[in-house]
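Visitor: Below is the file run.cif, with mmCIF, C-alpha atoms.
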```
data_final
loop_
_atom_site.group_PDB
_atom_site.id
_atom_site.type_symbol
_atom_site.label_atom_id
_atom_site.label_comp_id
_atom_site.auth_asym_id
_atom_site.auth_seq_id
_atom_site.Cartn_x
_atom_site.Cartn_y
_atom_site.Cartn_z
ATOM 1 C CA SER A 1 8.335 -7.037 -20.457
ATOM 2 C CA ALA A 2 9.629 -4.271 -18.184
ATOM 3 C CA ALA A 3 6.220 -2.573 -18.307
ATOM 4 C CA ALA A 4 4.436 -5.759 -17.215
ATOM 5 C CA ILE A 5 6.899 -6.246 -14.348
ATOM 6 C CA ALA A 6 6.353 -2.647 -13.210
ATOM 7 C CA ARG A 7 2.571 -3.165 -13.322
ATOM 8 C CA GLY A 8 2.835 -6.257 -11.139
ATOM 9 C CA ILE A 9 5.046 -4.480 -8.608
ATOM 10 C CA VAL A 10 2.693 -1.508 -8.292
ATOM 11 C CA ILE A 11 -0.437 -3.696 -8.152
ATOM 12 C CA ALA A 12 1.110 -5.908 -5.445
ATOM 13 C CA SER A 13 1.737 -2.759 -3.412
ATOM 14 C CA LEU A 14 -1.692 -1.257 -4.078
ATOM 15 C CA ALA A 15 -3.442 -4.510 -3.185
ATOM 16 C CA GLY A 16 -1.840 -4.559 0.242
ATOM 17 C CA THR A 17 -3.394 -1.221 1.116
ATOM 18 C CA MET A 18 -6.851 -2.586 0.213
ATOM 19 C CA ILE A 19 -6.953 -5.667 2.462
ATOM 20 C CA PHE A 20 -8.779 -3.995 5.325
ATOM 21 C CA PRO A 21 -12.579 -3.425 5.362
ATOM 22 C CA SER A 22 -14.199 -0.830 3.127
ATOM 23 C CA CYS A 23 -17.048 1.673 3.442
ATOM 24 C CA SER A 24 -19.158 3.753 1.041
ATOM 25 C CA VAL A 25 -17.764 7.130 -0.085
ATOM 26 C CA PRO A 26 -17.246 9.112 -3.358
ATOM 27 C CA PRO A 27 -14.150 8.604 -5.562
ATOM 28 C CA MET A 28 -10.946 10.284 -4.405
ATOM 29 C CA ALA A 29 -9.307 13.152 -6.266
ATOM 30 C CA VAL A 30 -6.549 12.056 -8.678
ATOM 31 C CA GLU A 31 -3.934 14.359 -10.239
ATOM 32 C CA SER A 32 -5.516 15.644 -13.454
ATOM 33 C CA ASN A 33 -2.585 15.027 -15.863
ATOM 34 C CA PHE A 34 -2.200 11.472 -14.598
ATOM 35 C CA LYS A 35 -5.948 10.804 -14.646
ATOM 36 C CA GLN A 36 -6.262 11.820 -18.312
ATOM 37 C CA GLN A 37 -3.861 9.077 -19.399
ATOM 38 C CA ALA A 38 -4.366 6.523 -16.627
ATOM 39 C CA GLU A 39 -6.023 3.153 -17.054
ATOM 40 C CA VAL A 40 -8.729 2.495 -14.471
ATOM 41 C CA LEU A 41 -8.622 -1.091 -13.206
ATOM 42 C CA PRO A 42 -12.010 -2.302 -11.992
ATOM 43 C CA VAL A 43 -12.104 -3.672 -8.439
ATOM 44 C CA ALA A 44 -14.632 -6.480 -7.949
ATOM 45 C CA GLY A 45 -15.590 -8.649 -4.988
ATOM 46 C CA ARG A 46 -14.139 -6.498 -2.207
ATOM 47 C CA LYS A 47 -16.747 -6.610 0.564
ATOM 48 C CA ALA A 48 -16.639 -5.181 4.083
ATOM 49 C CA PHE A 49 -18.524 -8.219 5.429
ATOM 50 C CA LYS A 50 -16.074 -10.667 3.800
ATOM 51 C CA PRO A 51 -12.702 -9.397 5.037
ATOM 52 C CA ASN A 52 -10.901 -12.622 4.055
ATOM 53 C CA GLY A 53 -12.622 -13.082 0.702
ATOM 54 C CA ASN A 54 -10.872 -12.977 -2.673
ATOM 55 C CA PHE A 55 -11.221 -9.903 -4.849
ATOM 56 C CA LYS A 56 -10.000 -8.806 -8.284
ATOM 57 C CA ILE A 57 -8.068 -5.766 -9.500
ATOM 58 C CA GLY A 58 -8.401 -5.807 -13.279
ATOM 59 C CA ASN A 59 -7.029 -9.172 -14.434
ATOM 60 C CA TYR A 60 -5.232 -9.760 -11.119
ATOM 61 C CA THR A 61 -6.751 -11.808 -8.300
ATOM 62 C CA VAL A 62 -5.999 -11.128 -4.636
ATOM 63 C CA ALA A 63 -6.419 -14.555 -3.012
ATOM 64 C CA ASN A 64 -5.470 -16.730 -0.034
ATOM 65 C CA ILE A 65 -5.909 -13.806 2.344
ATOM 66 C CA ASN A 66 -4.960 -14.571 5.935
ATOM 67 C CA ARG A 67 -5.198 -12.168 8.873
ATOM 68 C CA GLY A 68 -1.935 -13.260 10.409
ATOM 69 C CA TRP A 69 1.123 -14.963 8.962
ATOM 70 C CA ALA A 70 0.554 -18.626 8.292
ATOM 71 C CA LYS A 71 3.831 -19.165 6.450
ATOM 72 C CA VAL A 72 6.351 -16.981 8.268
ATOM 73 C CA GLY A 73 7.358 -16.589 11.898
ATOM 74 C CA GLY A 74 8.828 -13.097 11.678
ATOM 75 C CA PHE A 75 8.589 -9.986 9.589
ATOM 76 C CA SER A 76 11.218 -7.733 8.055
ATOM 77 C CA ILE A 77 10.810 -4.256 6.567
ATOM 78 C CA PHE A 78 13.871 -2.521 5.153
ATOM 79 C CA ASN A 79 16.056 -4.912 7.206
ATOM 80 C CA TYR A 80 14.082 -4.259 10.407
ATOM 81 C CA ASN A 81 13.503 -7.769 11.725
ATOM 82 C CA ASN A 82 10.933 -9.504 13.968
ATOM 83 C CA VAL A 83 8.506 -6.594 13.959
ATOM 84 C CA LYS A 84 5.469 -6.830 16.249
ATOM 85 C CA ALA A 85 2.203 -5.351 15.017
ATOM 86 C CA GLU A 86 -1.490 -5.207 15.870
ATOM 87 C CA GLN A 87 -2.581 -6.159 12.348
ATOM 88 C CA LYS A 88 -0.760 -8.675 10.172
ATOM 89 C CA TYR A 89 -1.804 -10.254 6.893
ATOM 90 C CA GLN A 90 -0.585 -12.218 3.920
ATOM 91 C CA PHE A 91 -2.096 -12.862 0.508
ATOM 92 C CA SER A 92 -1.177 -14.016 -2.965
ATOM 93 C CA LEU A 93 -1.463 -11.889 -6.097
ATOM 94 C CA GLN A 94 -2.260 -13.971 -9.167
ATOM 95 C CA SER A 95 -1.877 -12.470 -12.638
ATOM 96 C CA GLY A 96 -3.938 -13.437 -15.654
ATOM 97 C CA GLN A 97 -0.767 -14.966 -17.136
ATOM 98 C CA GLY A 98 -0.352 -17.412 -14.251
ATOM 99 C CA SER A 99 2.310 -15.633 -12.194
ATOM 100 C CA GLU A 100 1.796 -15.627 -8.422
ATOM 101 C CA TRP A 101 3.450 -13.407 -5.820
ATOM 102 C CA TYR A 102 3.104 -13.671 -2.040
ATOM 103 C CA VAL A 103 2.764 -10.439 -0.094
ATOM 104 C CA PHE A 104 3.274 -10.070 3.677
ATOM 105 C CA GLY A 105 2.245 -6.925 5.539
ATOM 106 C CA ALA A 106 1.795 -5.366 8.959
ATOM 107 C CA SER A 107 0.274 -2.170 10.317
ATOM 108 C CA LYS A 108 0.049 -0.425 13.672
ATOM 109 C CA LEU A 109 3.555 -1.483 14.606
ATOM 110 C CA GLN A 110 4.058 -1.859 18.344
ATOM 111 C CA GLU A 111 7.849 -1.514 18.603
ATOM 112 C CA LYS A 112 9.276 1.438 20.482
ATOM 113 C CA SER A 113 12.059 1.410 17.898
ATOM 114 C CA LEU A 114 12.972 -0.443 14.721
ATOM 115 C CA LYS A 115 16.571 -1.647 14.683
ATOM 116 C CA ALA A 116 18.085 -2.476 11.319
ATOM 117 C CA ASN A 117 20.843 -4.985 10.587
ATOM 118 C CA SER A 118 22.948 -2.002 9.565
ATOM 119 C CA GLY A 119 22.673 -0.566 13.091
ATOM 120 C CA VAL A 120 20.336 2.262 12.078
ATOM 121 C CA THR A 121 17.388 2.764 14.445
ATOM 122 C CA ILE A 122 14.066 4.482 13.739
ATOM 123 C CA GLU A 123 12.205 5.617 16.826
ATOM 124 C CA VAL A 124 8.485 4.862 16.579
ATOM 125 C CA ALA A 125 6.603 7.976 17.675
ATOM 126 C CA PRO A 126 3.379 7.241 19.610
ATOM 127 C CA ASN A 127 1.327 9.606 17.422
ATOM 128 C CA MET A 128 2.463 7.993 14.146
ATOM 129 C CA GLU A 129 1.098 4.891 12.428
ATOM 130 C CA TYR A 130 3.517 2.628 10.588
ATOM 131 C CA TYR A 131 2.616 0.251 7.765
ATOM 132 C CA GLY A 132 5.017 -2.111 6.038
ATOM 133 C CA SER A 133 4.857 -4.915 3.491
ATOM 134 C CA HIS A 134 7.237 -6.987 1.409
ATOM 135 C CA PHE A 135 7.062 -9.313 -1.583
ATOM 136 C CA THR A 136 9.487 -10.869 -4.071
ATOM 137 C CA SER A 137 9.477 -10.423 -7.823
ATOM 138 C CA PRO A 138 11.343 -13.144 -9.774
ATOM 139 C CA GLU A 139 12.660 -10.446 -12.113
ATOM 140 C CA SER A 140 13.654 -7.694 -9.672
ATOM 141 C CA GLY A 141 14.119 -9.265 -6.243
ATOM 142 C CA GLN A 142 12.566 -8.412 -2.899
ATOM 143 C CA TRP A 143 10.558 -5.214 -2.593
ATOM 144 C CA HIS A 144 9.757 -3.416 0.668
ATOM 145 C CA LEU A 145 7.061 -0.833 1.254
ATOM 146 C CA LEU A 146 6.979 1.399 4.314
ATOM 147 C CA THR A 147 4.712 4.334 5.191
ATOM 148 C CA VAL A 148 4.810 6.588 8.238
ATOM 149 C CA ASP A 149 1.450 8.301 8.755
ATOM 150 C CA PRO A 150 0.915 11.200 11.209
ATOM 151 C CA ARG A 151 -2.827 10.308 11.085
ATOM 152 C CA HIS A 152 -4.131 13.824 10.373
ATOM 153 C CA TYR A 153 -4.257 16.141 7.354
ATOM 154 C CA LEU A 154 -2.814 19.064 9.319
ATOM 155 C CA GLU A 155 0.327 16.985 9.976
ATOM 156 C CA ARG A 156 0.565 15.710 6.381
ATOM 157 C CA LYS A 157 4.081 17.093 5.791
ATOM 158 C CA LYS A 158 5.358 14.500 8.266
ATOM 159 C CA PHE A 159 4.089 11.640 6.076
ATOM 160 C CA GLU A 160 6.810 9.461 4.568
ATOM 161 C CA GLY A 161 6.444 6.529 2.237
ATOM 162 C CA GLU A 162 8.466 4.550 -0.260
ATOM 163 C CA LEU A 163 8.567 1.290 -2.185
ATOM 164 C CA SER A 164 12.060 0.028 -2.981
ATOM 165 C CA ASN A 165 14.103 -3.006 -3.956
ATOM 166 C CA GLY A 166 17.384 -1.246 -3.129
ATOM 167 C CA THR A 167 17.941 -0.233 -6.755
ATOM 168 C CA THR A 168 14.649 1.299 -7.828
ATOM 169 C CA THR A 169 12.622 3.465 -5.457
ATOM 170 C CA TYR A 170 9.086 4.837 -5.803
ATOM 171 C CA LYS A 171 7.806 7.516 -3.458
ATOM 172 C CA ILE A 172 4.328 7.206 -1.910
ATOM 173 C CA ALA A 173 2.186 10.288 -1.248
ATOM 174 C CA PRO A 174 -1.092 10.445 0.708
ATOM 175 C CA VAL A 175 -4.406 11.644 -0.740
ATOM 176 C CA TYR A 176 -6.979 13.317 1.514
ATOM 177 C CA LYS A 177 -9.536 14.800 -0.906
ATOM 178 C CA PHE A 178 -12.548 13.363 -2.701
ATOM 179 C CA GLU A 179 -13.246 14.246 -6.322
ATOM 180 C CA GLY A 180 -15.181 17.510 -6.632
ATOM 181 C CA LYS A 181 -14.669 18.422 -2.978
ATOM 182 C CA SER A 182 -12.525 21.379 -1.904
ATOM 183 C CA LEU A 183 -12.197 20.411 1.745
ATOM 184 C CA PRO A 184 -9.880 17.516 2.655
ATOM 185 C CA MET A 185 -10.689 14.670 5.000
ATOM 186 C CA SER A 186 -8.732 14.525 8.241
ATOM 187 C CA GLU A 187 -7.371 11.024 7.453
ATOM 188 C CA ILE A 188 -5.905 9.395 4.345
ATOM 189 C CA ILE A 189 -8.354 8.017 1.763
ATOM 190 C CA GLY A 190 -5.773 6.793 -0.743
ATOM 191 C CA TYR A 191 -2.209 6.953 -2.049
ATOM 192 C CA GLU A 192 -0.257 8.022 -5.124
ATOM 193 C CA PHE A 193 2.877 6.154 -6.228
ATOM 194 C CA ARG A 194 5.470 8.434 -7.864
ATOM 195 C CA SER A 195 8.550 7.891 -9.992
ATOM 196 C CA GLY A 196 10.354 11.220 -9.764
ATOM 197 C CA ASP A 197 7.711 13.885 -10.361
ATOM 198 C CA SER A 198 5.377 11.572 -12.296
ATOM 199 C CA VAL A 199 2.450 9.648 -10.822
ATOM 200 C CA ILE A 200 2.579 6.013 -12.011
ATOM 201 C CA GLY A 201 -0.271 4.584 -9.934
ATOM 202 C CA ALA A 202 -2.947 5.532 -7.429
ATOM 203 C CA VAL A 203 -5.286 3.642 -5.137
ATOM 204 C CA GLN A 204 -8.362 4.600 -3.152
ATOM 205 C CA VAL A 205 -8.411 2.409 -0.067
ATOM 206 C CA ILE A 206 -11.928 3.128 1.148
ATOM 207 C CA ASN A 207 -15.258 2.463 -0.567
ATOM 208 C CA ASN A 208 -15.122 -0.583 -2.855
ATOM 209 C CA GLY A 209 -11.699 0.707 -3.883
ATOM 210 C CA ASN A 210 -10.387 2.289 -7.069
ATOM 211 C CA VAL A 211 -7.085 1.695 -8.852
ATOM 212 C CA TRP A 212 -5.480 3.859 -11.533
ATOM 213 C CA LEU A 213 -2.311 2.848 -13.426
ATOM 214 C CA LYS A 214 -0.162 4.579 -15.980
ATOM 215 C CA PRO A 215 -0.334 2.484 -19.199
#
```
The structure given in the file should be rewritten as structure tokens.

Guide:
Amino acid sequence: SAAAIARGIVIASLAGTMIFPSCSVPPMAVESNFKQQAEVLPVAGRKAFKPNGNFKIGNYTVANINRGWAKVGGFSIFNYNNVKAEQKYQFSLQSGQGSEWYVFGASKLQEKSLKANSGVTIEVAPNMEYYGSHFTSPESGQWHLLTVDPRHYLERKKFEGELSNGTTTYKIAPVYKFEGKSLPMSEIIGYEFRSGDSVIGAVQVINNGNVWLKP
């Protein structure tokens, strides 16, 4: 169904943000209207001391994690090809129904600029951190995720993020606050995925991880 496809797309994107090691902190703050109706997917098996180990998000399994790209020689985000990065990874996302998607990602991009096939160039600012990933859905084609992080709460308006297959686009927004805390952290603790003005998914990327999805 369309709802199941959308779930897989969002979970594939959320999983990519959770590959790196975790630490112990409280839950992050989630938009109240979304939280009231959201389904919380339990995260199990994600350990800081097992960075390449499998873990589960609800009925989905994140498996075959490799720090590096064992199956591809280059990387493309939004048509920006052969990107160099400090951290690269790939993994497979396996659904309870037997579907399997392969996700490739990179962070801390080292390029001075990203040149697209279309001729468009994005200059990589030294004080920004770039993260990109891509995966293919049999139903809706190749999806690309890209975030541009200014790396501090005070510069949060400079954050940009989106997930798109060229037809459908979801915006990504950073989250800096923990639940019950009025003061924000200086760096991002999680992300919200938005369709228009509505939150459709959220992920906390530190601690053992938390995932919320709109049913």

Visitor: Would you mind telling me which residue in A:Gly180, A:Gly105, A:Gly58, A:Pro215 lies nearest to Leu146 (chain A) when using only C-alpha atoms?

Guide: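 Closest candidate: A:Gly105.
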
Visitor: Using only C-alpha atoms, which residue out of A:Leu14, A:Val205, A:Val62, A:Val148 lies closest to Phe193 (chain A)?

Guide: A:Leu14

Visitor: Can you spell out as a count of residues only the set of residues that the PyMOL selection byres ((chain A and resi 196) around 8) selects in the structure I just provided?

Guide: 6

Visitor: Once you count all atoms listed in the file, which residues end up no further than 9 Å from (4.3, -6.5, -0.6) in the file's frame, shown as a CSV table (one decimal) with C-alpha atoms, keeping the file's coordinate frame?

Guide:
```csv
chain,number,residue,atom,x,y,z
A,9,ILE,CA,5.0,-4.5,-8.6
A,12,ALA,CA,1.1,-5.9,-5.4
A,13,SER,CA,1.7,-2.8,-3.4
A,14,LEU,CA,-1.7,-1.3,-4.1
A,15,ALA,CA,-3.4,-4.5,-3.2
A,16,GLY,CA,-1.8,-4.6,0.2
A,90,GLN,CA,-0.6,-12.2,3.9
A,101,TRP,CA,3.4,-13.4,-5.8
A,102,TYR,CA,3.1,-13.7,-2.0
A,103,VAL,CA,2.8,-10.4,-0.1
A,104,PHE,CA,3.3,-10.1,3.7
A,105,GLY,CA,2.2,-6.9,5.5
A,132,GLY,CA,5.0,-2.1,6.0
A,133,SER,CA,4.9,-4.9,3.5
A,134,HIS,CA,7.2,-7.0,1.4
A,135,PHE,CA,7.1,-9.3,-1.6
A,136,THR,CA,9.5,-10.9,-4.1
A,142,GLN,CA,12.6,-8.4,-2.9
A,143,TRP,CA,10.6,-5.2,-2.6
A,144,HIS,CA,9.8,-3.4,0.7
A,145,LEU,CA,7.1,-0.8,1.3
```

Visitor: For the file shown, report as a list in words the outcome of the PyMOL selection byres ((chain A and resi 39) around 9) at residue level.

Guide: Lys35, Gln36, Gln37, Ala38, Val40, Leu41, Val211, Trp212, Leu213, Lys214 and Pro215 of chain A

Visitor: What residues come out when you apply the PyMOL selection byres ((chain A and resi 154) around 12) to this file, written as a PDB file with C-alpha atoms, in the frame of the given file?

Guide:
```
ATOM      1  CA  ASP A 149       1.450   8.301   8.755  1.00  0.00           C
ATOM      2  CA  PRO A 150       0.915  11.200  11.209  1.00  0.00           C
ATOM      3  CA  ARG A 151      -2.827  10.308  11.085  1.00  0.00           C
ATOM      4  CA  HIS A 152      -4.131  13.824  10.373  1.00  0.00           C
ATOM      5  CA  TYR A 153      -4.257  16.141   7.354  1.00  0.00           C
ATOM      6  CA  GLU A 155       0.327  16.985   9.976  1.00  0.00           C
ATOM      7  CA  ARG A 156       0.565  15.710   6.381  1.00  0.00           C
ATOM      8  CA  LYS A 157       4.081  17.093   5.791  1.00  0.00           C
ATOM      9  CA  LYS A 158       5.358  14.500   8.266  1.00  0.00           C
ATOM     10  CA  PHE A 159       4.089  11.640   6.076  1.00  0.00           C
ATOM     11  CA  TYR A 176      -6.979  13.317   1.514  1.00  0.00           C
ATOM     12  CA  PRO A 184      -9.880  17.516   2.655  1.00  0.00           C
ATOM     13  CA  MET A 185     -10.689  14.670   5.000  1.00  0.00           C
ATOM     14  CA  SER A 186      -8.732  14.525   8.241  1.00  0.00           C
ATOM     15  CA  GLU A 187      -7.371  11.024   7.453  1.00  0.00           C
ATOM     16  CA  ILE A 188      -5.905   9.395   4.345  1.00  0.00           C
TER      17      ILE A 188
END
```

Visitor: Give me the residues within 12 Å of Ser99 (chain A) as a PyMOL selection string, counting all atoms listed in the file and dropping any in the same chain fewer than 5 places off.

Guide: chain A and resi 4-5+8+12+59-61+92-94+136-139

Visitor: Let me make sure I understand: among A:Glu31, A:Phe178, A:Arg67, A:Thr168, which one has the smallest atom-to-atom distance to Asn207 (chain A) if we use all atoms listed in the file?

Guide: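 Of A:Glu31, A:Phe178, A:Arg67, A:Thr168, the one nearest Asn207 (chain A), counting all atoms listed in the file, is A:Phe178.
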
Visitor: I'd like to know which of A:Thr17, A:Val10, A:Ala44, A:Phe91 is closest to Pro174 (chain A), using all atoms listed in the file.

Guide: A:Thr17

Visitor: Scan for residues within 6 Å of the point (-1.7, 8.5, -6.0) in the coordinates of the file, using only C-alpha atoms, and reply as a list in words.

Guide: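 Here the neighbourhood of the point contains Tyr191, Glu192, Phe193, Gly201 and Ala202 of chain A.
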
Visitor: By how many Å are CA of Tyr89 (chain A) and CA of Ser107 (chain A) apart?

Guide: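 CA of Ser107 (chain A) lies 9.0 Å from CA of Tyr89 (chain A).
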
Visitor: Please, what distance in Å, to one decimal, runs between CA of Gln204 (chain A) and CA of Asn165 (chain A)?

Guide: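 Straight-line distance from CA of Gln204 (chain A) to CA of Asn165 (chain A) works out to 23.7 Å.
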
Visitor: Report the distance between CA of Gly98 (chain A) and CA of Asn210 (chain A) in Å, rounded to one decimal place.

Guide: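 CA of Asn210 (chain A) lies 23.2 Å from CA of Gly98 (chain A).
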